[in-house]
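Colleague: For reference, this is query_5.cif, and it has mmCIF, C-alpha atoms.
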```cif
data_protein
loop_
_atom_site.group_PDB
_atom_site.id
_atom_site.type_symbol
_atom_site.label_atom_id
_atom_site.label_comp_id
_atom_site.auth_asym_id
_atom_site.auth_seq_id
_atom_site.Cartn_x
_atom_site.Cartn_y
_atom_site.Cartn_z
ATOM 1 C CA MET A 155 109.609 104.822 127.083
ATOM 2 C CA GLN A 156 112.887 105.359 125.245
ATOM 3 C CA LYS A 157 113.067 101.593 124.659
ATOM 4 C CA PHE A 158 110.257 101.797 122.077
ATOM 5 C CA PHE A 159 111.894 104.433 119.892
ATOM 6 C CA GLY A 160 113.272 103.238 116.569
ATOM 7 C CA THR A 161 112.476 100.015 114.758
ATOM 8 C CA GLY A 162 110.517 97.147 116.211
ATOM 9 C CA VAL A 163 109.708 94.153 114.039
ATOM 10 C CA ALA A 164 106.552 92.041 114.067
ATOM 11 C CA LEU A 165 108.183 88.633 113.835
ATOM 12 C CA VAL A 166 106.784 85.888 111.613
ATOM 13 C CA THR A 167 106.290 82.407 113.011
ATOM 14 C CA PRO A 168 108.398 80.070 110.839
ATOM 15 C CA PHE A 169 106.868 76.684 110.002
ATOM 16 C CA LYS A 170 108.377 73.410 108.848
ATOM 17 C CA SER A 171 106.976 71.711 105.741
ATOM 18 C CA ASP A 172 104.492 69.825 107.974
ATOM 19 C CA LEU A 173 103.324 73.235 109.352
ATOM 20 C CA SER A 174 104.668 72.615 112.846
ATOM 21 C CA VAL A 175 106.537 75.588 114.354
ATOM 22 C CA ASP A 176 110.189 75.737 113.286
ATOM 23 C CA TYR A 177 111.893 76.881 116.478
ATOM 24 C CA VAL A 178 115.401 76.582 114.990
ATOM 25 C CA ALA A 179 114.450 79.029 112.217
ATOM 26 C CA LEU A 180 112.813 81.297 114.802
ATOM 27 C CA VAL A 181 116.097 81.560 116.724
ATOM 28 C CA LYS A 182 117.899 82.296 113.446
ATOM 29 C CA LEU A 183 115.391 85.084 112.670
ATOM 30 C CA VAL A 184 115.814 86.643 116.126
ATOM 31 C CA GLU A 185 119.608 86.558 115.813
ATOM 32 C CA PHE A 186 119.525 88.045 112.295
ATOM 33 C CA ASN A 187 117.423 90.964 113.519
ATOM 34 C CA ILE A 188 119.250 91.736 116.746
ATOM 35 C CA THR A 189 122.711 91.587 115.191
ATOM 36 C CA ASN A 190 121.568 93.885 112.374
ATOM 37 C CA GLY A 191 120.353 96.683 114.619
ATOM 38 C CA ILE A 192 116.641 96.162 115.277
ATOM 39 C CA ASP A 193 115.618 98.005 118.479
ATOM 40 C CA TYR A 194 112.897 95.668 119.799
ATOM 41 C CA LEU A 195 110.946 92.551 118.859
ATOM 42 C CA VAL A 196 107.190 92.013 118.717
ATOM 43 C CA ILE A 197 105.982 88.461 119.357
ATOM 44 C CA SER A 198 102.694 86.931 118.238
ATOM 45 C CA GLY A 199 101.175 89.803 116.330
ATOM 46 C CA THR A 200 99.137 89.388 113.156
ATOM 47 C CA THR A 201 102.357 88.836 111.173
ATOM 48 C CA GLY A 202 103.119 85.943 113.537
ATOM 49 C CA GLU A 203 99.872 84.308 112.362
ATOM 50 C CA SER A 204 98.505 84.626 115.897
ATOM 51 C CA GLY A 205 95.048 83.604 114.680
ATOM 52 C CA THR A 206 96.228 80.052 113.893
ATOM 53 C CA ILE A 207 98.744 79.559 116.716
ATOM 54 C CA THR A 208 97.667 77.431 119.688
ATOM 55 C CA LYS A 209 98.130 78.576 123.292
ATOM 56 C CA ALA A 210 100.775 75.885 123.851
ATOM 57 C CA GLU A 211 102.658 76.969 120.718
ATOM 58 C CA LYS A 212 102.458 80.618 121.757
ATOM 59 C CA ASN A 213 103.999 79.799 125.145
ATOM 60 C CA GLU A 214 106.827 77.883 123.463
ATOM 61 C CA ILE A 215 107.380 80.664 120.895
ATOM 62 C CA VAL A 216 107.665 83.221 123.706
ATOM 63 C CA LYS A 217 110.087 81.007 125.658
ATOM 64 C CA THR A 218 112.224 80.428 122.538
ATOM 65 C CA ILE A 219 112.444 84.156 121.747
ATOM 66 C CA VAL A 220 113.103 85.130 125.377
ATOM 67 C CA ASP A 221 115.973 82.619 125.548
ATOM 68 C CA ALA A 222 117.411 83.640 122.162
ATOM 69 C CA ASN A 223 117.159 87.329 122.989
ATOM 70 C CA ASN A 224 118.874 86.865 126.363
ATOM 71 C CA GLY A 225 117.934 90.371 127.509
ATOM 72 C CA ARG A 226 119.520 92.154 124.563
ATOM 73 C CA VAL A 227 116.494 94.076 123.247
ATOM 74 C CA PRO A 228 113.021 94.850 124.662
ATOM 75 C CA LEU A 229 110.227 92.380 123.900
ATOM 76 C CA VAL A 230 106.584 93.171 123.170
ATOM 77 C CA LEU A 231 103.944 90.432 123.302
ATOM 78 C CA GLY A 232 100.681 90.464 121.383
ATOM 79 C CA ILE A 233 97.707 89.853 123.683
ATOM 80 C CA GLY A 234 94.460 91.084 122.209
ATOM 81 C CA GLY A 235 91.159 90.054 120.694
ATOM 82 C CA ASN A 236 87.463 90.740 120.486
ATOM 83 C CA ASN A 237 86.532 88.953 123.711
ATOM 84 C CA THR A 238 87.584 91.369 126.451
ATOM 85 C CA ALA A 239 87.205 88.785 129.221
ATOM 86 C CA ASP A 240 89.447 86.331 127.334
ATOM 87 C CA VAL A 241 92.123 88.994 126.809
ATOM 88 C CA ILE A 242 92.117 89.762 130.536
ATOM 89 C CA ALA A 243 92.277 86.062 131.392
ATOM 90 C CA GLU A 244 95.280 85.625 129.104
ATOM 91 C CA LEU A 245 96.994 88.648 130.642
ATOM 92 C CA LYS A 246 96.542 87.161 134.099
ATOM 93 C CA SER A 247 97.646 83.634 133.160
ATOM 94 C CA THR A 248 100.735 84.502 131.072
ATOM 95 C CA ASN A 249 104.215 84.751 132.545
ATOM 96 C CA LEU A 250 105.220 88.296 131.548
ATOM 97 C CA ASP A 251 108.493 88.497 133.513
ATOM 98 C CA ALA A 252 110.654 88.904 130.392
ATOM 99 C CA ILE A 253 108.100 91.014 128.494
ATOM 100 C CA ASP A 254 108.446 94.813 128.385
ATOM 101 C CA ALA A 255 105.015 95.726 126.990
ATOM 102 C CA ILE A 256 101.803 94.279 125.585
ATOM 103 C CA LEU A 257 100.583 94.991 122.046
ATOM 104 C CA SER A 258 96.791 94.796 122.107
ATOM 105 C CA VAL A 259 94.838 94.940 118.871
ATOM 106 C CA ALA A 260 91.546 96.809 118.617
ATOM 107 C CA PRO A 261 88.644 94.322 118.738
ATOM 108 C CA TYR A 262 88.076 92.813 115.307
ATOM 109 C CA TYR A 263 84.843 91.594 113.690
ATOM 110 C CA SER A 264 82.609 92.935 116.500
ATOM 111 C CA LYS A 265 82.774 96.534 115.176
ATOM 112 C CA PRO A 266 82.332 98.299 118.536
ATOM 113 C CA THR A 267 81.453 101.973 118.884
ATOM 114 C CA GLN A 268 84.169 104.379 120.018
ATOM 115 C CA GLU A 269 82.811 103.974 123.566
ATOM 116 C CA GLY A 270 83.176 100.207 123.129
ATOM 117 C CA PHE A 271 86.823 100.612 122.130
ATOM 118 C CA TYR A 272 87.341 102.832 125.168
ATOM 119 C CA GLU A 273 85.707 100.426 127.640
ATOM 120 C CA HIS A 274 87.562 97.437 126.147
ATOM 121 C CA PHE A 275 90.974 99.052 126.568
ATOM 122 C CA LYS A 276 90.050 100.548 129.942
ATOM 123 C CA ALA A 277 89.356 97.030 131.217
ATOM 124 C CA ILE A 278 92.649 95.748 129.742
ATOM 125 C CA SER A 279 94.565 98.674 131.197
ATOM 126 C CA MET A 280 93.195 97.974 134.664
ATOM 127 C CA ALA A 281 94.153 94.291 134.379
ATOM 128 C CA SER A 282 97.586 94.614 132.778
ATOM 129 C CA PRO A 283 100.751 94.445 134.882
ATOM 130 C CA LYS A 284 102.746 95.731 131.887
ATOM 131 C CA PRO A 285 102.623 98.882 129.717
ATOM 132 C CA ILE A 286 100.198 98.676 126.803
ATOM 133 C CA ILE A 287 100.716 99.616 123.163
ATOM 134 C CA LEU A 288 97.310 99.994 121.520
ATOM 135 C CA TYR A 289 97.065 98.629 117.975
ATOM 136 C CA ASN A 290 94.687 100.252 115.509
ATOM 137 C CA VAL A 291 94.487 98.386 112.199
ATOM 138 C CA PRO A 292 91.091 99.045 110.613
ATOM 139 C CA GLY A 293 91.994 97.133 107.441
ATOM 140 C CA ARG A 294 91.992 93.972 109.557
ATOM 141 C CA THR A 295 89.456 94.816 112.277
ATOM 142 C CA SER A 296 86.911 96.550 109.966
ATOM 143 C CA LYS A 297 86.488 99.496 112.354
ATOM 144 C CA ASN A 298 88.709 102.523 112.879
ATOM 145 C CA MET A 299 89.575 103.623 116.416
ATOM 146 C CA LEU A 300 89.478 107.397 116.064
ATOM 147 C CA PRO A 301 92.277 109.647 117.338
ATOM 148 C CA GLU A 302 90.045 111.109 120.051
ATOM 149 C CA THR A 303 89.460 107.610 121.479
ATOM 150 C CA THR A 304 93.161 106.718 121.350
ATOM 151 C CA LEU A 305 94.124 110.005 123.015
ATOM 152 C CA ARG A 306 91.392 109.699 125.646
ATOM 153 C CA LEU A 307 92.925 106.365 126.661
ATOM 154 C CA ALA A 308 96.420 107.888 126.560
ATOM 155 C CA ARG A 309 95.393 110.702 128.911
ATOM 156 C CA GLU A 310 93.409 108.598 131.363
ATOM 157 C CA PHE A 311 95.620 105.531 131.827
ATOM 158 C CA ASP A 312 99.313 105.824 132.685
ATOM 159 C CA ASN A 313 100.114 102.312 131.455
ATOM 160 C CA VAL A 314 98.731 103.061 127.970
ATOM 161 C CA ILE A 315 102.049 104.305 126.599
ATOM 162 C CA ALA A 316 101.739 104.153 122.807
ATOM 163 C CA VAL A 317 99.655 103.330 119.769
ATOM 164 C CA LYS A 318 100.729 101.276 116.794
ATOM 165 C CA GLU A 319 98.698 103.133 114.182
ATOM 166 C CA ALA A 320 98.186 101.161 110.983
ATOM 167 C CA GLY A 321 95.304 102.842 109.217
ATOM 168 C CA ASN A 322 97.474 103.960 106.295
ATOM 169 C CA ASN A 323 95.927 107.386 106.889
ATOM 170 C CA THR A 324 98.336 110.325 106.926
ATOM 171 C CA GLN A 325 95.754 112.765 108.270
ATOM 172 C CA GLN A 326 95.020 110.473 111.220
ATOM 173 C CA TYR A 327 98.727 110.197 112.030
ATOM 174 C CA LEU A 328 99.034 113.981 112.002
ATOM 175 C CA GLU A 329 96.011 114.413 114.291
ATOM 176 C CA LEU A 330 97.538 111.968 116.764
ATOM 177 C CA LEU A 331 100.938 113.680 116.631
ATOM 178 C CA LYS A 332 99.413 117.151 116.993
ATOM 179 C CA ASN A 333 97.205 116.340 119.979
ATOM 180 C CA LYS A 334 98.984 113.587 121.897
ATOM 181 C CA PRO A 335 100.202 113.908 125.499
ATOM 182 C CA GLU A 336 103.916 114.671 125.643
ATOM 183 C CA ASN A 337 105.142 111.189 126.629
ATOM 184 C CA PHE A 338 102.680 109.169 124.546
ATOM 185 C CA LEU A 339 104.310 107.442 121.561
ATOM 186 C CA ILE A 340 102.895 107.279 118.059
ATOM 187 C CA ILE A 341 104.379 104.224 116.338
ATOM 188 C CA SER A 342 103.811 103.610 112.650
ATOM 189 C CA GLY A 343 102.367 100.262 111.633
ATOM 190 C CA ASP A 344 102.581 101.109 107.932
ATOM 191 C CA ASP A 345 105.943 100.284 106.364
ATOM 192 C CA ASP A 346 105.275 102.518 103.355
ATOM 193 C CA LEU A 347 104.478 105.582 105.500
ATOM 194 C CA ALA A 348 106.887 104.934 108.386
ATOM 195 C CA LEU A 349 109.656 107.346 107.407
ATOM 196 C CA GLY A 350 107.325 110.261 106.686
ATOM 197 C CA VAL A 351 105.512 109.689 109.975
ATOM 198 C CA VAL A 352 108.806 109.555 111.892
ATOM 199 C CA LEU A 353 109.903 112.824 110.278
ATOM 200 C CA ALA A 354 106.584 114.314 111.416
ATOM 201 C CA GLY A 355 107.311 113.352 115.032
ATOM 202 C CA ALA A 356 106.526 109.660 115.533
ATOM 203 C CA ALA A 357 108.699 107.466 117.757
ATOM 204 C CA GLY A 358 109.384 104.870 115.092
ATOM 205 C CA VAL A 359 107.774 101.813 113.554
ATOM 206 C CA ILE A 360 106.666 98.263 114.219
ATOM 207 C CA SER A 361 107.611 96.855 110.851
ATOM 208 C CA VAL A 362 107.032 93.745 108.751
ATOM 209 C CA ILE A 363 109.655 94.355 106.050
ATOM 210 C CA GLY A 364 112.197 95.361 108.716
ATOM 211 C CA GLN A 365 112.861 91.724 109.615
ATOM 212 C CA GLY A 366 113.944 91.004 106.038
ATOM 213 C CA PHE A 367 116.176 94.090 105.735
ATOM 214 C CA PRO A 368 116.943 94.894 109.388
ATOM 215 C CA LYS A 369 120.208 96.755 108.824
ATOM 216 C CA GLU A 370 118.853 99.057 106.125
ATOM 217 C CA PHE A 371 115.385 99.607 107.565
ATOM 218 C CA SER A 372 116.554 100.367 111.110
ATOM 219 C CA LYS A 373 119.199 102.742 109.716
ATOM 220 C CA MET A 374 116.500 104.551 107.700
ATOM 221 C CA ILE A 375 114.345 105.041 110.799
ATOM 222 C CA LYS A 376 117.356 106.146 112.877
ATOM 223 C CA LEU A 377 118.227 108.757 110.232
ATOM 224 C CA GLY A 378 114.580 109.875 110.253
ATOM 225 C CA LEU A 379 114.637 110.299 114.039
ATOM 226 C CA GLU A 380 117.798 112.400 113.612
ATOM 227 C CA GLY A 381 116.025 114.559 111.003
ATOM 228 C CA LYS A 382 118.408 113.477 108.226
ATOM 229 C CA THR A 383 115.714 113.518 105.576
ATOM 230 C CA LYS A 384 117.761 113.144 102.403
ATOM 231 C CA GLU A 385 119.867 110.224 103.671
ATOM 232 C CA ALA A 386 116.803 108.488 105.113
ATOM 233 C CA TYR A 387 114.787 108.814 101.903
ATOM 234 C CA SER A 388 117.652 107.390 99.844
ATOM 235 C CA ILE A 389 117.146 104.109 101.768
ATOM 236 C CA HIS A 390 113.349 104.420 101.584
ATOM 237 C CA TYR A 391 113.484 104.563 97.781
ATOM 238 C CA LYS A 392 115.748 101.493 97.625
ATOM 239 C CA LEU A 393 113.261 99.455 99.672
ATOM 240 C CA MET A 394 110.073 100.917 98.215
ATOM 241 C CA ASP A 395 109.374 98.193 95.644
ATOM 242 C CA VAL A 396 109.791 95.288 98.059
ATOM 243 C CA VAL A 397 107.532 96.951 100.636
ATOM 244 C CA GLY A 398 104.837 96.964 97.981
ATOM 245 C CA TYR A 399 105.534 93.369 97.022
ATOM 246 C CA ILE A 400 105.191 91.873 100.498
ATOM 247 C CA PHE A 401 101.668 93.232 100.931
ATOM 248 C CA GLU A 402 100.548 92.453 97.375
ATOM 249 C CA GLU A 403 98.806 89.176 98.247
ATOM 250 C CA ASN A 404 98.704 88.663 102.004
ATOM 251 C CA ASN A 405 100.823 89.163 105.073
ATOM 252 C CA PRO A 406 102.916 87.234 106.109
ATOM 253 C CA ALA A 407 103.154 85.197 102.882
ATOM 254 C CA GLY A 408 105.099 88.041 101.247
ATOM 255 C CA ILE A 409 107.645 88.543 104.002
ATOM 256 C CA LYS A 410 108.059 84.764 104.351
ATOM 257 C CA ALA A 411 108.989 84.646 100.648
ATOM 258 C CA VAL A 412 111.655 87.283 101.415
ATOM 259 C CA LEU A 413 112.957 85.343 104.424
ATOM 260 C CA SER A 414 112.967 82.112 102.420
ATOM 261 C CA ARG A 415 115.122 83.720 99.724
ATOM 262 C CA LEU A 416 117.481 84.918 102.452
ATOM 263 C CA GLY A 417 117.754 81.364 103.805
ATOM 264 C CA ILE A 418 116.221 82.162 107.195
ATOM 265 C CA CYS A 419 112.946 80.225 107.158
ATOM 266 C CA ASN A 420 110.479 78.422 104.893
ATOM 267 C CA LYS A 421 107.677 80.044 102.891
ATOM 268 C CA GLU A 422 104.912 77.982 104.552
ATOM 269 C CA VAL A 423 101.880 79.704 106.080
ATOM 270 C CA ARG A 424 98.846 78.120 107.731
ATOM 271 C CA LEU A 425 95.400 78.084 106.161
ATOM 272 C CA PRO A 426 93.362 80.100 105.441
ATOM 273 C CA LEU A 427 96.502 81.869 104.174
ATOM 274 C CA VAL A 428 98.399 80.395 101.245
ATOM 275 C CA GLU A 429 102.015 80.968 100.321
ATOM 276 C CA ALA A 430 103.010 83.639 97.829
ATOM 277 C CA THR A 431 102.321 82.864 94.175
ATOM 278 C CA LYS A 432 105.187 81.921 91.880
ATOM 279 C CA SER A 433 104.966 85.289 90.096
ATOM 280 C CA LEU A 434 105.271 87.189 93.380
ATOM 281 C CA GLN A 435 108.116 84.980 94.574
ATOM 282 C CA ASP A 436 109.928 85.658 91.287
ATOM 283 C CA LYS A 437 109.606 89.434 91.751
ATOM 284 C CA ILE A 438 110.862 89.181 95.324
ATOM 285 C CA GLU A 439 113.807 87.000 94.326
ATOM 286 C CA ILE A 440 114.837 89.379 91.522
ATOM 287 C CA PHE A 441 114.624 92.322 93.952
ATOM 288 C CA ILE A 442 116.781 90.605 96.591
ATOM 289 C CA ASP A 443 119.367 89.434 94.081
ATOM 290 C CA GLN A 444 119.717 92.963 92.677
ATOM 291 C CA PHE A 445 119.626 94.561 96.148
ATOM 292 C CA ASN A 446 122.470 92.370 97.351
#
```
Could you show the structure in this file as structure tokens?

Modeller:
Amino acid sequence: MQKFFGTGVALVTPFKSDLSVDYVALVKLVEFNITNGIDYLVISGTTGESGTITKAEKNEIVKTIVDANNGRVPLVLGIGGNNTADVIAELKSTNLDAIDAILSVAPYYSKPTQEGFYEHFKAISMASPKPIILYNVPGRTSKNMLPETTLRLAREFDNVIAVKEAGNNTQQYLELLKNKPENFLIISGDDDLALGVVLAGAAGVISVIGQGFPKEFSKMIKLGLEGKTKEAYSIHYKLMDVVGYIFEENNPAGIKAVLSRLGICNKEVRLPLVEATKSLQDKIEIFIDQFN
């Protein structure tokens, strides 16, 4: 459980100009994050453009990251969706030897009831050979998994170890923190709220911006976990503008503009996403130049 305290990052999938996966840039991104203090890596989440990645590409992405990581930090793999049977089939057919936990998103588009959420994750829990981090992101799924549903799953299934909560809802975070079982982890999925949530008792964050500023962001979260509020917020304020910028248009176009400016990977995203506008790229570039 301790391995999922601190800062995890939801890695982007770098593309070449022809939109094929850029595995060289992916290795560079992994190295940049590990050497700058990130605590664990999340593969093939929404930020990794999982919706437009083929199964063959996903397997190669996982292999590339596993090899580059070489056992240095824990790895979390995104396996989720709105077809429960498909999620279970993927769990059973994927080599999870080097994976420490699964990140499974709440079913999108289908808009299940709370009982539907429960039954979906119950079935996944019973099929999964690895610990599960639930992922609630109503802005993307169009339906909120309520704290009582999350905590019901936490209490009933030992392998449901955490939730990545990304509802941008402070009250919901506090309800989860107040009522959770002792060993269940609340992980922020909101970069703008992460520090406040950590200071309130969360285990850390799965971050998007963290992969662009791994040293600073992971230090901020570490200070938050140590209760060093003033020092932590001094970093939060320095990064505040860029956190807003990267979500201004779409994710991951914003963070890819950051990583492009840093020389780590290209700005390309796959349709239906489009790369960050020139005006947004300009703001990001000015921020990075002044930050550095």

Colleague: Which of these, A:Lys437, A:Lys276, A:Lys297, A:Lys332, has the shortest distance to Phe311 (chain A) once you count all atoms listed in the file?

Modeller: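 Using all atoms listed in the file, Phe311 (chain A) sits closest to A:Lys276.
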
Colleague: Ile440 (chain A): which residues within 12 Å, counting all atoms listed in the file, same-chain residues fewer than 3 positions away excluded, as a list in words?

Modeller: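 What passes the distance filter is Asp395, Val396, Tyr399, Ala411, Val412, Arg415, Ser433, Leu434, Gln435, Asp436, Lys437, Asp443, Gln444, Phe445 and Asn446 of chain A.
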
Colleague: Convert the current residue selection to file output with C-alpha atoms, as a PDB file, in the frame of the given file.

Modeller:
```pdb
ATOM      1  CA  ASP A 395     109.374  98.193  95.644  1.00  0.00           C
ATOM      2  CA  VAL A 396     109.791  95.288  98.059  1.00  0.00           C
ATOM      3  CA  TYR A 399     105.534  93.369  97.022  1.00  0.00           C
ATOM      4  CA  ALA A 411     108.989  84.646 100.648  1.00  0.00           C
ATOM      5  CA  VAL A 412     111.655  87.283 101.415  1.00  0.00           C
ATOM      6  CA  ARG A 415     115.122  83.720  99.724  1.00  0.00           C
ATOM      7  CA  SER A 433     104.966  85.289  90.096  1.00  0.00           C
ATOM      8  CA  LEU A 434     105.271  87.189  93.380  1.00  0.00           C
ATOM      9  CA  GLN A 435     108.116  84.980  94.574  1.00  0.00           C
ATOM     10  CA  ASP A 436     109.928  85.658  91.287  1.00  0.00           C
ATOM     11  CA  LYS A 437     109.606  89.434  91.751  1.00  0.00           C
ATOM     12  CA  ASP A 443     119.367  89.434  94.081  1.00  0.00           C
ATOM     13  CA  GLN A 444     119.717  92.963  92.677  1.00  0.00           C
ATOM     14  CA  PHE A 445     119.626  94.561  96.148  1.00  0.00           C
ATOM     15  CA  ASN A 446     122.470  92.370  97.351  1.00  0.00           C
TER      16      ASN A 446
END
```

Colleague: With distances taken over all atoms listed in the file, which of A:Thr167, A:Gln365, A:Ser279, A:Ser414 is nearest to Thr208 (chain A)?

Modeller: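 Under the stated criterion, the closest residue is A:Thr167.
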
Colleague: Pick out the closest residue to Lys334 (chain A) from this set: A:Thr201, A:Asn190, A:Asn224, A:Thr304. Count all atoms listed in the file.

Modeller: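 Once distances to Lys334 (chain A) are computed over all atoms listed in the file, the minimum belongs to A:Thr304.
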
Colleague: With all atoms listed in the file as the counted atoms, please give the residues lying no more than 12 Å from Lys209 (chain A), apart from itself and same-chain residues fewer than 4 positions off, as a PyMOL selection string.

Modeller: chain A and resi 198+204-205+213-216+233+244+247-248

Colleague: With distances taken over only C-alpha atoms, which residue among A:Ile253, A:Ile188, A:Ala243, A:Ile315 lies nearest Val220 (chain A)?

Modeller: A:Ile253

Colleague: Which value, in Å to one decimal, gives the distance between CA of Arg424 (chain A) and CA of Gly232 (chain A)?

Modeller: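 Atom-to-atom, CA of Arg424 (chain A) to CA of Gly232 (chain A), that is 18.5 Å.
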
Colleague: Closest to Val175 (chain A) among A:Glu403, A:Glu422, A:Glu429, A:Glu302, using only C-alpha atoms?

Modeller: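 Under the stated criterion, the closest residue is A:Glu422.
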
Colleague: Counting all atoms listed in the file, which of A:Ala407, A:Ile286, A:Met280, A:Ala430 gets nearest to Ser258 (chain A)?

Modeller: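 Looking only at the distances to Ser258 (chain A), the closest residue turns out to be A:Ile286.
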
Colleague: Quick one: everything within 8 Å of Thr303 (chain A), counting only C-alpha atoms, minus sequence neighbours fewer than 3 positions away in the same chain. Send it as a ChimeraX atom specification.

Modeller: /A:268-269,271-272,299-300,306-307

Colleague: Quick one: which residues end up in the PyMOL selection byres ((chain A and resi 427) around 9) for this structure, as number ranges by chain?

Modeller: A: 404-407, 423-426, 428-429

Colleague: The selected residues should be written to file as a tab-separated table (two decimals), in the frame of the given file (atoms: C-alpha atoms).

Modeller:
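Full text of part_14.tsv as output:
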```
chain	number	residue	atom	x	y	z
A	404	ASN	CA	98.70	88.66	102.00
A	405	ASN	CA	100.82	89.16	105.07
A	406	PRO	CA	102.92	87.23	106.11
A	407	ALA	CA	103.15	85.20	102.88
A	423	VAL	CA	101.88	79.70	106.08
A	424	ARG	CA	98.85	78.12	107.73
A	425	LEU	CA	95.40	78.08	106.16
A	426	PRO	CA	93.36	80.10	105.44
A	428	VAL	CA	98.40	80.40	101.24
A	429	GLU	CA	102.02	80.97	100.32
```

Colleague: Please report the interatomic distance between CA of Thr431 (chain A) and CA of Met374 (chain A) in Å with one decimal.

Modeller: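 These atoms are spaced 29.2 Å apart.
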
Colleague: Where does the PyMOL selection byres ((chain A and resi 290) around 8) land in this file, that is, which residues does it pick, as a PyMOL selection string?

Modeller: chain A and resi 259-260+288-289+291-292+298-299+317-321

Colleague: Please write as an MDAnalysis selection string the full residue list that the PyMOL selection byres ((chain A and resi 226) around 10) yields on this file.

Modeller: chainID A and resid 188:189 193:194 220 222:225 227:229

Colleague: Need to verify the contact set: Gly358 (chain A), 10 Å, all atoms listed in the file, exclusion of same-chain residues closer than 3 positions in sequence. Can you return it as a PyMOL selection string?

Modeller: chain A and resi 158-162+193+318+339-343+348-349+351-353+355+361+372+375-376+378-379

Colleague: One number please: CA of Thr383 (chain A) to CA of Leu195 (chain A), in Å, one decimal.

Modeller: 25.3 Å

Colleague: Could you give me, as a VMD selection string, the residues within 9 Å of Lys265 (chain A), counting all atoms listed in the file and dropping anything in the same chain fewer than 3 positions from it?

Modeller: chain A and resid 261 to 262 270 295 to 298

Colleague: Could you write region 202-215 of chain A as a PDB file, in the coordinates of the input, with N, CA and C atoms rebuilt where they are missing?

Modeller:
```pdb
ATOM      1  N   GLY A 202     102.746  87.239 112.964  1.00  0.00           N
ATOM      2  CA  GLY A 202     103.119  85.943 113.537  1.00  0.00           C
ATOM      3  C   GLY A 202     102.030  84.895 113.383  1.00  0.00           C
ATOM      4  N   GLU A 203     101.005  85.220 112.585  1.00  0.00           N
ATOM      5  CA  GLU A 203      99.872  84.308 112.362  1.00  0.00           C
ATOM      6  C   GLU A 203      99.209  83.900 113.680  1.00  0.00           C
ATOM      7  N   SER A 204      99.049  84.881 114.558  1.00  0.00           N
ATOM      8  CA  SER A 204      98.505  84.626 115.897  1.00  0.00           C
ATOM      9  C   SER A 204      97.136  83.951 115.861  1.00  0.00           C
ATOM     10  N   GLY A 205      96.380  84.190 114.786  1.00  0.00           N
ATOM     11  CA  GLY A 205      95.048  83.604 114.680  1.00  0.00           C
ATOM     12  C   GLY A 205      95.047  82.092 114.525  1.00  0.00           C
ATOM     13  N   THR A 206      96.176  81.509 114.097  1.00  0.00           N
ATOM     14  CA  THR A 206      96.228  80.052 113.893  1.00  0.00           C
ATOM     15  C   THR A 206      97.300  79.388 114.759  1.00  0.00           C
ATOM     16  N   ILE A 207      97.751  80.091 115.779  1.00  0.00           N
ATOM     17  CA  ILE A 207      98.744  79.559 116.716  1.00  0.00           C
ATOM     18  C   ILE A 207      98.017  79.109 117.985  1.00  0.00           C
ATOM     19  N   THR A 208      98.311  77.900 118.461  1.00  0.00           N
ATOM     20  CA  THR A 208      97.667  77.431 119.688  1.00  0.00           C
ATOM     21  C   THR A 208      98.303  78.095 120.911  1.00  0.00           C
ATOM     22  N   LYS A 209      97.609  77.996 122.044  1.00  0.00           N
ATOM     23  CA  LYS A 209      98.130  78.576 123.292  1.00  0.00           C
ATOM     24  C   LYS A 209      99.465  77.922 123.672  1.00  0.00           C
ATOM     25  N   ALA A 210      99.529  76.593 123.512  1.00  0.00           N
ATOM     26  CA  ALA A 210     100.775  75.885 123.851  1.00  0.00           C
ATOM     27  C   ALA A 210     101.923  76.332 122.949  1.00  0.00           C
ATOM     28  N   GLU A 211     101.634  76.491 121.655  1.00  0.00           N
ATOM     29  CA  GLU A 211     102.658  76.969 120.718  1.00  0.00           C
ATOM     30  C   GLU A 211     103.092  78.389 121.078  1.00  0.00           C
ATOM     31  N   LYS A 212     102.135  79.226 121.403  1.00  0.00           N
ATOM     32  CA  LYS A 212     102.458  80.618 121.757  1.00  0.00           C
ATOM     33  C   LYS A 212     103.413  80.656 122.950  1.00  0.00           C
ATOM     34  N   ASN A 213     103.125  79.842 123.966  1.00  0.00           N
ATOM     35  CA  ASN A 213     103.999  79.799 125.145  1.00  0.00           C
ATOM     36  C   ASN A 213     105.411  79.372 124.770  1.00  0.00           C
ATOM     37  N   GLU A 214     105.520  78.383 123.880  1.00  0.00           N
ATOM     38  CA  GLU A 214     106.827  77.883 123.463  1.00  0.00           C
ATOM     39  C   GLU A 214     107.554  78.904 122.579  1.00  0.00           C
ATOM     40  N   ILE A 215     106.805  79.601 121.734  1.00  0.00           N
ATOM     41  CA  ILE A 215     107.380  80.664 120.895  1.00  0.00           C
ATOM     42  C   ILE A 215     107.960  81.767 121.782  1.00  0.00           C
TER      43      ILE A 215
END
```
